[in-house]
Structures are given as structure tokens and as C-alpha cells.
Amino acid sequence: MKHVLKASGVTKKFAGITALSNVSMQISEGERVGLIGPNGAGKTTFFNCLLGVLPTDEGSVEIVGSDATGLPAFKRARLGLGRTFQRIELFPDCTVRDHLFIAERIRRGTGRFWKDLIGLGGPSSQEIARCDEVLELLGLRDLAESPVGTLSLGQGRLVEVGRALMTEPRMLLLDEPSSGLDRVETAALAKTLEDVQSREGFAILLVEHDVELVTGFTSRSYVLDFGRLIAEGPTREVMASSEVRAAYLGDFELPESESDESTLVETGPRSKEAQ
């Protein structure tokens with residue numbers, strides 16, 4: 001299966017402190033992969049190195065077979081990386097549809113400020129069609145003309161996903177999408193993501209503290225601790241590792257039943273780490 005992302009030996013230092021040490025990862029088409037670890041483990045730093053928000057000190061990043069190591073974030077996006085943010089980055093007075101139009105114009109490179117000034121910046125029929133398609137996929141059609149500031153947090157998360165989908169990503173990087181959501185909202189978001197991915201075929205890298213979400217949503221996971229990769233493999237095997245439990249999970253018990261793979265039984269102090 002073709003790799004959509006390949007990171008090799010990524011190392012990042014800040015003022016002599018090593019935030020990431022020789023971290024490698026490969027993700028193939030259509031996979032759902034988790035990246036977990038305690039606070040301060042280096043997850044966000046690694047995420048930003050993949051996206052080009054931060055330069056790496058050592059190592060390389062390939063996106064769909066192209067060397068992206070020295071590329072800025074916008075060029076990596078055009079190679080096929082889409083993302084959402086831990087803290088929602090939306091414009092409260094703009095409508096849901098407006099957010100998707102902006103993303104589509106950035107992808108096409110067709111936005112021109114002077115056209116907007118003289119009233120020639122209206123959306124094309126192709127932009128409208130693509131926007132309607134994504135709204136339908138995410139169940140947001142009835143909210144298309146609503147200002148984002150009037151939406152629930154869960155709906156705002158879907159708008160962020162929609163904005164990322166407008167760029168037609170080969171891989172979607174989700175930065176703690178369950179942050180601020182309750183269990184019902186988290187389950188609904190996961191189901192929507194599964195449905196959309198099955199249709200669109202992109203890969204997903206999920207950075208999360210919610211152990212239950214990671215276990216039920218991903219097939220493979222990587223675990224960081226103090227900037228080092230301490231485990232990788234099938235998610236349930238990774239979660240059962242004594243080293244991972246010691247570093248991150250605490251006293252959790254995985255269910256024995258194969259029919260209940262998406263559930264973790266909490267025996268320790270937390271099942272969702274404080275954000």
C-alpha cells in the first residue's frame with residue numbers, strides 16, 4: 001500500500017532541550033492512525049514538524065512520495081495535508097458556507113482581493129457544487145447560512161473538518177478533535193469521520209488524549225514520551241503495553257471481549273486527560 005506520509009528520524013530542539021528525538025512514522029492510504037502520549041511528550045511539536053509550521057533540526061518528511069522537508073506549510077497542504085486545530089480556529093461572524101468557500105479558493109489559488117472590492121468575487125458554479133457536496137457529507141446543509149458563532153462546539157468541529165476537506169487532502173491531521181466535547185458528541189464526531197473517510201479515502205492521523213476514542217477509532221498507534229517513540233503497532237496491543245500504561249494510561253483494563261473493542265474500562269483516576 002502506498003505511503004501518504006513518511007517521517008524519518010525527525011529531531012527538534014529548543015534552546016538545547018530535545019523536544020523530539022529521532023521519531024519516525026509511516027502512514028498508508030486510507031489508514032486511521034493514533035498519536036498519543038502524556039502532556040509534554042512532543043505530540044504537538046511532531047504534528048507541527050509534519051505540517052511545516054516548525055522546521056526540523058534533523059530528519060525528513062515525505063508527503064505522497066515527495067520530499068517536503070524544507071517546504072512551508074502552504075506547499076505541504078497542496079501536496080495533500082489537511083488539518084484541524086485543538087482550539088477551534090473559525091471566524092464567528094462568517095457563515096459555515098463562507099468558511100468552505102475560503103478553503104476552496106485557497107486550494108485553487110483563485111482568490112483575488114481586487115475582485116472582491118469591485119463585486120466580482122462571487123463563488124463559481126464549481127465552488128458552489130463542491131461546497132454543497134461537503135456540507136451534505138458532514139450533515140451541515142441546514143446550517144450552511146448560519147454564522148459559526150451560533151453553532152455548538154461539536155458543529156464547529158465539523159466545520160473545521162469541512163474546511164479541511166475542501167482542500168481535497170490525501171491525509172487529514174486531527175489535533176485533539178474531542179477537546180471540549182462530551183462522550184455523545186465525541187461518538188457522533190467519530191462516526192461522521194468514519195463515514196466521510198470511507199467515501200473520500202484519505203488517511204487520518206489522530207492526536208488525542210481520549211483513550212476510548214483512540215482505541216475505537218484507530219487501527220494502529222504511535223506513543224511518544226519525553227520526545228521519544230516508546231511504542232508503535234496495532235492500537236490494542238500498544239494500549240496493553242506495560243511501558244505505555246506506565247507513561248500515559250495509568251491503571252486501565254482493556255475488555256477481553258472481541259466484540260467490545262471500542263471500550264476501555266476505567267479503574268484509575270481518569271479516562272480522559274484534562275485538556
# chains A, B, ... in the order shown; residues from 1 in each chain; ligands from 1
call {"tool": "residues_around", "arguments": {"residues": "Thr84 in chain A", "least_positions_apart": "3", "cutoff": "10 Å", "atoms": "only C-alpha atoms", "output": "number ranges by chain"}}
result
A: 87-89, 157-164, 172-177
call {"tool": "write_last_selection", "arguments": {"atoms": "C-alpha atoms", "output": "tab-separated table (two decimals), in the first residue's frame"}}
result
chain	number	residue	atom	x	y	z
A	87	ARG	CA	-8.69	25.17	19.73
A	88	ILE	CA	-11.26	25.95	17.08
A	89	GLU	CA	-9.86	28.49	14.60
A	157	ARG	CA	-15.59	20.86	14.92
A	158	LEU	CA	-17.42	19.62	11.85
A	159	VAL	CA	-16.98	22.99	10.14
A	160	GLU	CA	-13.23	22.67	10.72
A	161	VAL	CA	-13.31	19.18	9.21
A	162	GLY	CA	-15.31	20.54	6.27
A	163	ARG	CA	-12.82	23.32	5.69
A	164	ALA	CA	-10.02	20.76	5.63
A	172	LEU	CA	-6.18	14.62	7.47
A	173	LEU	CA	-4.35	15.52	10.69
A	174	LEU	CA	-6.78	15.89	13.58
A	175	ASP	CA	-5.47	17.78	16.63
A	176	GLU	CA	-7.48	16.60	19.66
A	177	PRO	CA	-10.89	16.82	17.95
call {"tool": "residues_around", "arguments": {"residues": "Arg236 in chain A", "least_positions_apart": "2", "cutoff": "10 Å", "atoms": "only C-alpha atoms", "output": "ChimeraX atom specification"}}
result
/A:214-216,218-221,233-234,238-241,254,261-262
call {"tool": "select_by_dssp", "arguments": {"residues": "range 75-201 of chain A", "states": "alpha helix (DSSP H)", "output": "PyMOL selection string"}}
result
chain A and resi 75-79+96-108+113-117+125-137+153-165+183-200
call {"tool": "closest_residue", "arguments": {"among": "A:Leu206, A:Val223, A:Leu143, A:Val4", "to": "Pro169 in chain A", "atoms": "only C-alpha atoms"}}
result
A:Val4
call {"tool": "residues_around", "arguments": {"residues": "Glu127 in chain A", "least_positions_apart": "3", "cutoff": "8 Å", "atoms": "only C-alpha atoms", "output": "ChimeraX atom specification"}}
result
/A:101,104,123-124,130-131
call {"tool": "write_last_selection", "arguments": {"atoms": "C-alpha atoms", "output": "mmCIF file, in the first residue's frame"}}
result
data_model
loop_
_atom_site.group_PDB
_atom_site.id
_atom_site.type_symbol
_atom_site.label_atom_id
_atom_site.label_comp_id
_atom_site.auth_asym_id
_atom_site.auth_seq_id
_atom_site.Cartn_x
_atom_site.Cartn_y
_atom_site.Cartn_z
ATOM 1 C CA PHE A 101 -15.599 28.834 0.105
ATOM 2 C CA GLU A 104 -11.727 26.122 -1.788
ATOM 3 C CA PRO A 123 -18.373 31.940 -5.989
ATOM 4 C CA SER A 124 -18.280 29.973 -9.223
ATOM 5 C CA ARG A 130 -18.011 21.335 -4.116
ATOM 6 C CA CYS A 131 -19.219 23.256 -1.072
#
call {"tool": "closest_residue", "arguments": {"among": "A:Val96, A:Ile204, A:Ala188, A:Cys49", "to": "Leu135 in chain A", "atoms": "only C-alpha atoms"}}
result
A:Val96
call {"tool": "residues_around", "arguments": {"residues": "Arg76 in chain A", "least_positions_apart": "3", "cutoff": "12 Å", "atoms": "only C-alpha atoms", "output": "PDB file with C-alpha atoms, in the first residue's frame"}}
result
ATOM      1  CA  VAL A   4       0.879   9.143   2.065  1.00  0.00           C
ATOM      2  CA  LEU A   5       3.206  10.212   4.878  1.00  0.00           C
ATOM      3  CA  ASN A  48       3.874  20.944  13.620  1.00  0.00           C
ATOM      4  CA  CYS A  49       7.046  19.470  12.115  1.00  0.00           C
ATOM      5  CA  LEU A  50       4.919  17.314   9.817  1.00  0.00           C
ATOM      6  CA  LEU A  51       2.842  20.327   8.781  1.00  0.00           C
ATOM      7  CA  GLY A  52       5.824  22.616   8.208  1.00  0.00           C
ATOM      8  CA  VAL A  53       4.825  25.011  10.986  1.00  0.00           C
ATOM      9  CA  VAL A  61       9.247  14.312   5.830  1.00  0.00           C
ATOM     10  CA  GLU A  62       7.747  12.849   2.653  1.00  0.00           C
ATOM     11  CA  ILE A  63       4.174  13.526   1.539  1.00  0.00           C
ATOM     12  CA  VAL A  64       2.763  11.206  -1.136  1.00  0.00           C
ATOM     13  CA  GLY A  65       6.300  10.338  -2.224  1.00  0.00           C
ATOM     14  CA  SER A  66       7.547  13.941  -2.452  1.00  0.00           C
ATOM     15  CA  ASP A  67      10.257  15.290  -0.158  1.00  0.00           C
ATOM     16  CA  ALA A  68       8.554  18.045   1.845  1.00  0.00           C
ATOM     17  CA  THR A  69      11.272  18.552   4.454  1.00  0.00           C
ATOM     18  CA  GLY A  70      12.098  22.130   3.512  1.00  0.00           C
ATOM     19  CA  LEU A  71       8.668  23.190   2.285  1.00  0.00           C
ATOM     20  CA  PRO A  72       6.474  25.781   4.048  1.00  0.00           C
ATOM     21  CA  ALA A  73       3.065  24.800   5.410  1.00  0.00           C
ATOM     22  CA  LEU A  79       0.718  18.153  -1.564  1.00  0.00           C
ATOM     23  CA  GLY A  80      -2.209  16.706   0.366  1.00  0.00           C
ATOM     24  CA  LEU A  81      -2.100  17.551   4.087  1.00  0.00           C
ATOM     25  CA  GLY A  82      -5.266  18.856   5.723  1.00  0.00           C
ATOM     26  CA  ARG A  83      -5.641  19.693   9.393  1.00  0.00           C
ATOM     27  CA  ARG A 107      -6.808  25.336  -2.761  1.00  0.00           C
ATOM     28  CA  THR A 167      -8.613  21.162   0.152  1.00  0.00           C
ATOM     29  CA  PRO A 169      -6.485  16.113   1.413  1.00  0.00           C
ATOM     30  CA  ARG A 170      -4.702  12.807   0.981  1.00  0.00           C
ATOM     31  CA  MET A 171      -4.238  12.806   4.751  1.00  0.00           C
TER      32      MET A 171
END
call {"tool": "select_by_dssp", "arguments": {"residues": "range 48-265 of chain A", "states": "strand (DSSP E)", "output": "JSON, numbers by chain"}}
result
{"A": [58, 59, 60, 61, 62, 63, 66, 67, 81, 82, 83, 171, 172, 173, 174, 175, 203, 204, 205, 206, 207, 220, 221, 222, 223, 224, 225, 228, 229, 230, 231, 232, 233, 234, 252, 253, 265]}
call {"tool": "write_last_selection", "arguments": {"atoms": "N, CA, C and O atoms", "output": "CSV table (one decimal), in the first residue's frame"}}
result
chain,number,residue,atom,x,y,z
A,58,GLU,N,16.8,17.7,12.4
A,58,GLU,CA,17.3,16.6,11.7
A,58,GLU,C,16.1,15.8,11.2
A,58,GLU,O,15.0,15.9,11.7
A,59,GLY,N,16.3,14.9,10.2
A,59,GLY,CA,15.3,14.0,9.7
A,59,GLY,C,14.6,14.6,8.5
A,59,GLY,O,14.9,15.7,8.0
A,60,SER,N,13.6,13.8,7.9
A,60,SER,CA,12.9,14.2,6.7
A,60,SER,C,11.5,13.9,6.8
A,60,SER,O,11.0,13.0,7.6
A,61,VAL,N,10.7,14.5,5.9
A,61,VAL,CA,9.2,14.3,5.8
A,61,VAL,C,8.9,14.2,4.4
A,61,VAL,O,9.2,15.0,3.5
A,62,GLU,N,8.2,13.1,4.0
A,62,GLU,CA,7.7,12.8,2.7
A,62,GLU,C,6.2,12.8,2.7
A,62,GLU,O,5.6,12.2,3.6
A,63,ILE,N,5.6,13.5,1.7
A,63,ILE,CA,4.2,13.5,1.5
A,63,ILE,C,3.8,13.0,0.2
A,63,ILE,O,4.3,13.6,-0.9
A,66,SER,N,6.7,12.7,-2.2
A,66,SER,CA,7.5,13.9,-2.5
A,66,SER,C,8.2,14.4,-1.2
A,66,SER,O,7.6,14.4,-0.1
A,67,ASP,N,9.5,14.8,-1.3
A,67,ASP,CA,10.3,15.3,-0.2
A,67,ASP,C,9.7,16.7,0.2
A,67,ASP,O,9.9,17.6,-0.6
A,81,LEU,N,-1.9,17.6,2.6
A,81,LEU,CA,-2.1,17.6,4.1
A,81,LEU,C,-3.2,18.5,4.4
A,81,LEU,O,-3.2,19.7,4.1
A,82,GLY,N,-4.2,18.0,5.1
A,82,GLY,CA,-5.3,18.9,5.7
A,82,GLY,C,-5.2,18.7,7.2
A,82,GLY,O,-4.7,17.8,7.8
A,83,ARG,N,-5.7,19.7,7.9
A,83,ARG,CA,-5.6,19.7,9.4
A,83,ARG,C,-6.8,20.4,10.1
A,83,ARG,O,-7.5,21.2,9.5
A,171,MET,N,-4.3,13.2,3.3
A,171,MET,CA,-4.2,12.8,4.8
A,171,MET,C,-4.7,14.0,5.6
A,171,MET,O,-4.4,15.1,5.4
A,172,LEU,N,-5.6,13.6,6.6
A,172,LEU,CA,-6.2,14.6,7.5
A,172,LEU,C,-5.6,14.5,8.9
A,172,LEU,O,-5.6,13.4,9.4
A,173,LEU,N,-5.0,15.5,9.4
A,173,LEU,CA,-4.4,15.5,10.7
A,173,LEU,C,-5.3,16.2,11.7
A,173,LEU,O,-5.6,17.4,11.5
A,174,LEU,N,-5.8,15.4,12.6
A,174,LEU,CA,-6.8,15.9,13.6
A,174,LEU,C,-6.1,16.1,14.9
A,174,LEU,O,-5.6,15.2,15.5
A,175,ASP,N,-6.1,17.4,15.4
A,175,ASP,CA,-5.5,17.8,16.6
A,175,ASP,C,-6.5,17.8,17.8
A,175,ASP,O,-7.2,18.8,17.9
A,203,ALA,N,-6.3,9.3,4.4
A,203,ALA,CA,-5.8,8.7,5.7
A,203,ALA,C,-6.0,9.7,6.8
A,203,ALA,O,-6.2,10.9,6.6
A,204,ILE,N,-5.9,9.3,8.1
A,204,ILE,CA,-6.1,10.1,9.2
A,204,ILE,C,-5.0,9.9,10.2
A,204,ILE,O,-4.7,8.7,10.5
A,205,LEU,N,-4.4,11.0,10.7
A,205,LEU,CA,-3.5,10.9,11.9
A,205,LEU,C,-4.3,11.6,13.0
A,205,LEU,O,-4.5,12.8,12.9
A,206,LEU,N,-4.6,10.9,14.1
A,206,LEU,CA,-5.3,11.5,15.2
A,206,LEU,C,-4.4,11.7,16.4
A,206,LEU,O,-3.9,10.7,17.0
A,207,VAL,N,-4.3,12.9,16.8
A,207,VAL,CA,-3.6,13.3,18.0
A,207,VAL,C,-4.6,13.5,19.1
A,207,VAL,O,-5.5,14.4,19.0
A,220,ARG,N,-3.9,1.5,14.2
A,220,ARG,CA,-2.5,1.5,14.6
A,220,ARG,C,-2.3,2.8,15.4
A,220,ARG,O,-3.0,3.8,15.2
A,221,SER,N,-1.3,2.7,16.3
A,221,SER,CA,-0.9,3.9,17.1
A,221,SER,C,0.5,4.0,17.4
A,221,SER,O,1.3,3.0,17.4
A,222,TYR,N,1.0,5.2,17.5
A,222,TYR,CA,2.4,5.5,18.0
A,222,TYR,C,2.3,6.2,19.3
A,222,TYR,O,1.3,7.0,19.5
A,223,VAL,N,3.2,6.0,20.2
A,223,VAL,CA,3.2,6.6,21.5
A,223,VAL,C,4.5,7.4,21.7
A,223,VAL,O,5.6,6.8,21.6
A,224,LEU,N,4.4,8.6,22.1
A,224,LEU,CA,5.6,9.5,22.4
A,224,LEU,C,5.6,9.7,23.9
A,224,LEU,O,4.6,9.8,24.6
A,225,ASP,N,6.9,9.7,24.5
A,225,ASP,CA,7.1,10.1,25.9
A,225,ASP,C,8.4,10.8,25.9
A,225,ASP,O,9.4,10.2,25.5
A,228,ARG,N,10.5,10.8,22.8
A,228,ARG,CA,11.0,9.6,22.2
A,228,ARG,C,9.8,8.7,21.8
A,228,ARG,O,8.7,8.7,22.5
A,229,LEU,N,9.9,7.9,20.8
A,229,LEU,CA,8.9,7.0,20.4
A,229,LEU,C,9.1,5.7,21.2
A,229,LEU,O,10.1,5.0,21.1
A,230,ILE,N,8.1,5.4,22.1
A,230,ILE,CA,8.3,4.3,23.0
A,230,ILE,C,7.5,3.1,22.6
A,230,ILE,O,7.7,2.0,23.1
A,231,ALA,N,6.5,3.2,21.7
A,231,ALA,CA,5.7,2.1,21.2
A,231,ALA,C,5.1,2.4,19.9
A,231,ALA,O,4.7,3.6,19.6
A,232,GLU,N,4.8,1.4,19.1
A,232,GLU,CA,4.1,1.5,17.9
A,232,GLU,C,3.5,0.1,17.5
A,232,GLU,O,4.1,-0.9,17.9
A,233,GLY,N,2.4,0.1,16.8
A,233,GLY,CA,1.8,-1.1,16.4
A,233,GLY,C,0.3,-1.1,16.4
A,233,GLY,O,-0.3,0.0,16.6
A,234,PRO,N,-0.4,-2.2,16.3
A,234,PRO,CA,-1.8,-2.3,16.5
A,234,PRO,C,-2.3,-1.6,17.8
A,234,PRO,O,-1.7,-1.8,18.8
A,252,PHE,N,-5.6,1.2,33.6
A,252,PHE,CA,-6.8,0.8,32.7
A,252,PHE,C,-6.7,-0.6,32.4
A,252,PHE,O,-5.7,-1.3,32.3
A,253,GLU,N,-7.9,-1.2,32.2
A,253,GLU,CA,-8.1,-2.6,31.8
A,253,GLU,C,-8.8,-2.6,30.5
A,253,GLU,O,-9.8,-2.0,30.3
A,265,VAL,N,-12.3,0.1,30.1
A,265,VAL,CA,-12.9,0.1,31.4
A,265,VAL,C,-11.9,0.8,32.3
A,265,VAL,O,-10.8,0.5,32.5
call {"tool": "closest_residue", "arguments": {"among": "A:Glu29, A:Leu90, A:Glu200, A:Phe14", "to": "Gln155 in chain A", "atoms": "only C-alpha atoms"}}
result
A:Leu90
call {"tool": "atom_distance", "arguments": {"atom1": "CA of Thr56 in chain A", "atom2": "CA of Phe74 in chain A"}}
result
16.4 Å
call {"tool": "residues_around", "arguments": {"residues": "Val148 in chain A", "least_positions_apart": "4", "cutoff": "10 Å", "atoms": "only C-alpha atoms", "output": "list of chain:residue names"}}
result
A:Leu90, A:Phe91, A:Pro92, A:Asp93, A:Cys94, A:Thr95, A:Val96, A:Arg97, A:Asp98, A:His99, A:Leu143, A:Ala144, A:Ser152, A:Leu153, A:Gln155, A:Gly156, A:Val159
call {"tool": "closest_residue", "arguments": {"among": "A:Arg183, A:Ala77, A:Gly42, A:Glu31", "to": "Ile17 in chain A", "atoms": "only C-alpha atoms"}}
result
A:Gly42
